[in-house]
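Enquirer: I'd like to ask you about the structure that follows.
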Amino acid sequence: MAMKLVASVFILAVASFCQALENGLMRTPPMGWLAWERFRCNVDCKNDPQNCISENLFMEMADYLVTNGWKDLGYVYVNIDDCWTAKKRDAKGRLVPDPERFPHGIKALADYVHSKGLKLGIYGDLGIYTCGGYPGTKLNQIELDASTFAEWGVDMLKLDGCYSSAWYQAKGYPRMTRALNATGRHIAYSCSWPAYRGGLPPQVNYTLLSNICNLWRNYVDIQDSWDSVLSIVDWFSNHQDVLQPQAGPGHWNDPDTLIIGNFGLSEEQSRSQMALWTILAAPLLLSTDLRTISQSSKEILQNKLMIKINQDPLGIQGRRILQEKSYIEVFQRPLSCSASALVFFSRRTDMPYHYTTSLAKLNYTQNAIYEVQDVYTGEMISGLKITDKFTVVINPSGVVMWYLYPIMYLDQPFSFLNQFYKSETKKFYPFPL
Ligand SMILES: *[C@@H]1O[C@H](CO)[C@@H](O)[C@H](O)[C@H]1NC(C)=O
Ligand SMILES: *[C@@H]1O[C@H](CO)[C@@H](O)[C@H](O)[C@H]1NC(C)=O
């Protein structure tokens, strides 16, 4: 009884020591579902009623988010993308949903989504037309559209940038921030602006973006292929000195949706996308058919430790810390409570690769004993010191992902943490010796 009490007091102490305050919007990367990559601009409800962009599709995805465990893990956004409107605005100049595909309107859809404890995202385009050729938002329509979205009860806006220009975007994106704020409704704001300006300074001002947007698409759209995932990972890694410092609570880089569960990735590649997006502190936006997703894809996307790492309250984006022999890369993300995540990634296409290294080689300098958990297998490694050599076996186009944290500081004998370390078992032991 006494032992139990000590243990729970300790766990409480650690938990409160490690928690961060959350109040504003998107203090951690948003999680949910977004239509685009999987369902595109399919408006053919006559021939393909199950898969066309319609209120039924979004209501069904909302149902699946709730019943299949997604919502409880944090996947709460149900996001509409392009091709939801009628081809023309109404007589008052307002955007209207396509009357055949959204017969009950967006307000009713928002009510439905909210009744399930979820949030609704919508799509607009700062320009003459959306990318799919539907009505865009011109500069003088920004306030009208913001108030329309707020009246409908929308929780998030993705503002695309087709049929636009650099000048138009520099005027329009900040103006939408002010317009959304003026509605009085908290609407998270995703800006596609940098993706249309090459994603890098001097064309892109990331200081300004973090002041006005909660997230932004930096680079090209993802497609349903491993090549596409690789090109995105390469671009983000090659420009990490610019991009990595921009991310933090309330403002995130967005490498685009997860394509896990679709047609283009093997199981190993799916694990890789999930691990690398988590290192990048990326939004976890599913773009797959939740009605037919396989059990193995679901397990990857519903990995609790993975989600905990992605949602770490410090919100520090990770980096590629090492490229070796052109086919092994190591990524690292610092986490709260002195924990961190490591991803060992292989670009080989032959067979599982045995990669030997040590934490010291990976720039770990804190002389401590670490507890390691393999994020995919759940396997624990106890008692790892920074100079200990270890070997990970990485499958072709796959990853090994570790979550690790110090359990005893070797150069700080009186550290609070050390009280709980029991040397005979080399196990973390939540009782004083
Ligand atoms: C509007 O902006 C102010 C100042 O940044 C902020 O305190 C407030 O919460 C914002 N309101 C909405 C609805 O976004
Ligand atoms: C970027 O935007 C910030 C915030 O608006 C501004 O202070 C800064 O001068 C801009 N930087 C450049 C290079 O334009």
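By order of appearance in the structure tokens: chains A, B, ..., then residues from 1 within every chain, and ligands from 1 in the order shown.
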Within 7 Å of ligand 1, which residues show up when you count only C-alpha atoms and all ligand atoms? List them as a compact mmCIF listing (two decimals) with N, CA and C atoms, in the first residue's frame, please.
Expert:
```txt
# COMPACT_ATOMS: atom_id res chain seq x y z
N LEU A 180 -10.48 36.83 -40.46
CA LEU A 180 -10.88 35.70 -39.61
C LEU A 180 -10.97 36.16 -38.16
N ASN A 181 -9.97 36.93 -37.74
CA ASN A 181 -9.96 37.42 -36.37
C ASN A 181 -11.20 38.27 -36.09
N ALA A 182 -11.56 39.08 -37.06
CA ALA A 182 -12.69 40.01 -36.89
C ALA A 182 -14.03 39.28 -36.76
N THR A 183 -14.10 38.04 -37.24
CA THR A 183 -15.36 37.31 -37.10
C THR A 183 -15.64 36.95 -35.64
N GLY A 184 -14.59 36.92 -34.81
CA GLY A 184 -14.78 36.53 -33.42
C GLY A 184 -14.79 35.03 -33.20
N ARG A 185 -14.81 34.26 -34.31
CA ARG A 185 -14.76 32.80 -34.17
C ARG A 185 -13.30 32.35 -34.32
N HIS A 186 -12.87 31.44 -33.48
CA HIS A 186 -11.50 30.93 -33.60
C HIS A 186 -11.42 29.95 -34.76
N ILE A 187 -10.81 30.40 -35.83
CA ILE A 187 -10.69 29.57 -37.03
C ILE A 187 -9.20 29.42 -37.34
```
Enquirer: Let me have all residues with an atom within 6 Å of ligand 2, counting only C-alpha atoms and all ligand atoms, laid out as a list in words.
Expert: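 For ligand 2, the residues inside 6 Å are Asn205, Thr207 and Leu208 of chain A.
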Enquirer: Find the residues around Gly264 (chain A) up to 7 Å (only C-alpha atoms counted), leave out those fewer than 3 positions away in its own chain, and share them as a PyMOL selection string.
Expert: chain A and resi 224-226
Enquirer: May I have the residues within 12 Å of Trp167 (chain A) as a list of chain:residue names, using only C-alpha atoms and disregarding those fewer than 2 positions away in the same chain?
Expert: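 The contact residues come out as A:Leu126, A:Gly127, A:Leu139, A:Gly161, A:Ser164, A:Ser165, A:Gln169, A:Ala170, A:Lys171, A:Gly172, A:Tyr173, A:Pro174, A:Trp193, A:Tyr196, A:Arg197, A:Gln203.
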Enquirer: Output C-alpha atoms for every residue in that selection, as a PDB file, in the first residue's frame.
Expert:
```pdb
ATOM      1  CA  LEU A 126      -6.893  33.478 -52.807  1.00  0.00           C
ATOM      2  CA  GLY A 127      -7.310  34.292 -56.481  1.00  0.00           C
ATOM      3  CA  LEU A 139      -9.202  40.603 -52.374  1.00  0.00           C
ATOM      4  CA  GLY A 161      -3.053  30.143 -54.086  1.00  0.00           C
ATOM      5  CA  SER A 164      -3.102  34.442 -58.047  1.00  0.00           C
ATOM      6  CA  SER A 165       0.156  36.429 -58.029  1.00  0.00           C
ATOM      7  CA  GLN A 169      -0.790  36.917 -52.062  1.00  0.00           C
ATOM      8  CA  ALA A 170       1.232  39.520 -50.141  1.00  0.00           C
ATOM      9  CA  LYS A 171      -1.951  41.572 -49.827  1.00  0.00           C
ATOM     10  CA  GLY A 172      -4.421  38.761 -49.343  1.00  0.00           C
ATOM     11  CA  TYR A 173      -2.944  36.275 -46.884  1.00  0.00           C
ATOM     12  CA  PRO A 174      -2.464  38.815 -44.042  1.00  0.00           C
ATOM     13  CA  TRP A 193       1.341  30.965 -49.749  1.00  0.00           C
ATOM     14  CA  TYR A 196       3.487  29.226 -54.509  1.00  0.00           C
ATOM     15  CA  ARG A 197       6.644  31.280 -53.887  1.00  0.00           C
ATOM     16  CA  GLN A 203      10.498  35.214 -51.638  1.00  0.00           C
TER      17      GLN A 203
END
```
Enquirer: Nearest residue to Gln269 (chain A) out of A:Leu200, A:Leu144, A:Ile394, A:Cys191, using only C-alpha atoms?
Expert: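 For Gln269 (chain A), the nearest of the candidates is A:Ile394.
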Enquirer: Excluding same-chain residues fewer than 4 positions from region 59-76 of chain A, what lies within 9 Å of it counting only C-alpha atoms, as a count of residues only?
Expert: 24
Enquirer: Using only C-alpha atoms, which of the listed residues (A:Arg27, A:Gly248, A:Ile407, A:Cys83) sits closest to Asp44 (chain A)?
Expert: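 Of A:Arg27, A:Gly248, A:Ile407, A:Cys83, the one nearest Asp44 (chain A) is A:Cys83, counting only C-alpha atoms.
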Enquirer: When you count only C-alpha atoms, which of these residues is closest to Asp374 (chain A): A:Asn303, A:Leu243, A:Ile212, A:Pro406?
Expert: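 Ranked by minimum distance to Asp374 (chain A), first place goes to A:Asn303.
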Enquirer: Could you work out how far CA of Gln323 (chain A) lies from CA of Ile369 (chain A), giving the answer in Å with one decimal?
Expert: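 Between these atoms lies a distance of 25.7 Å.
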Enquirer: Check region 197-259 of chain A with DSSP on the backbone and list each residue it calls strand (DSSP E), as a PyMOL selection string.
Expert: chain A and resi 215-217+252-254
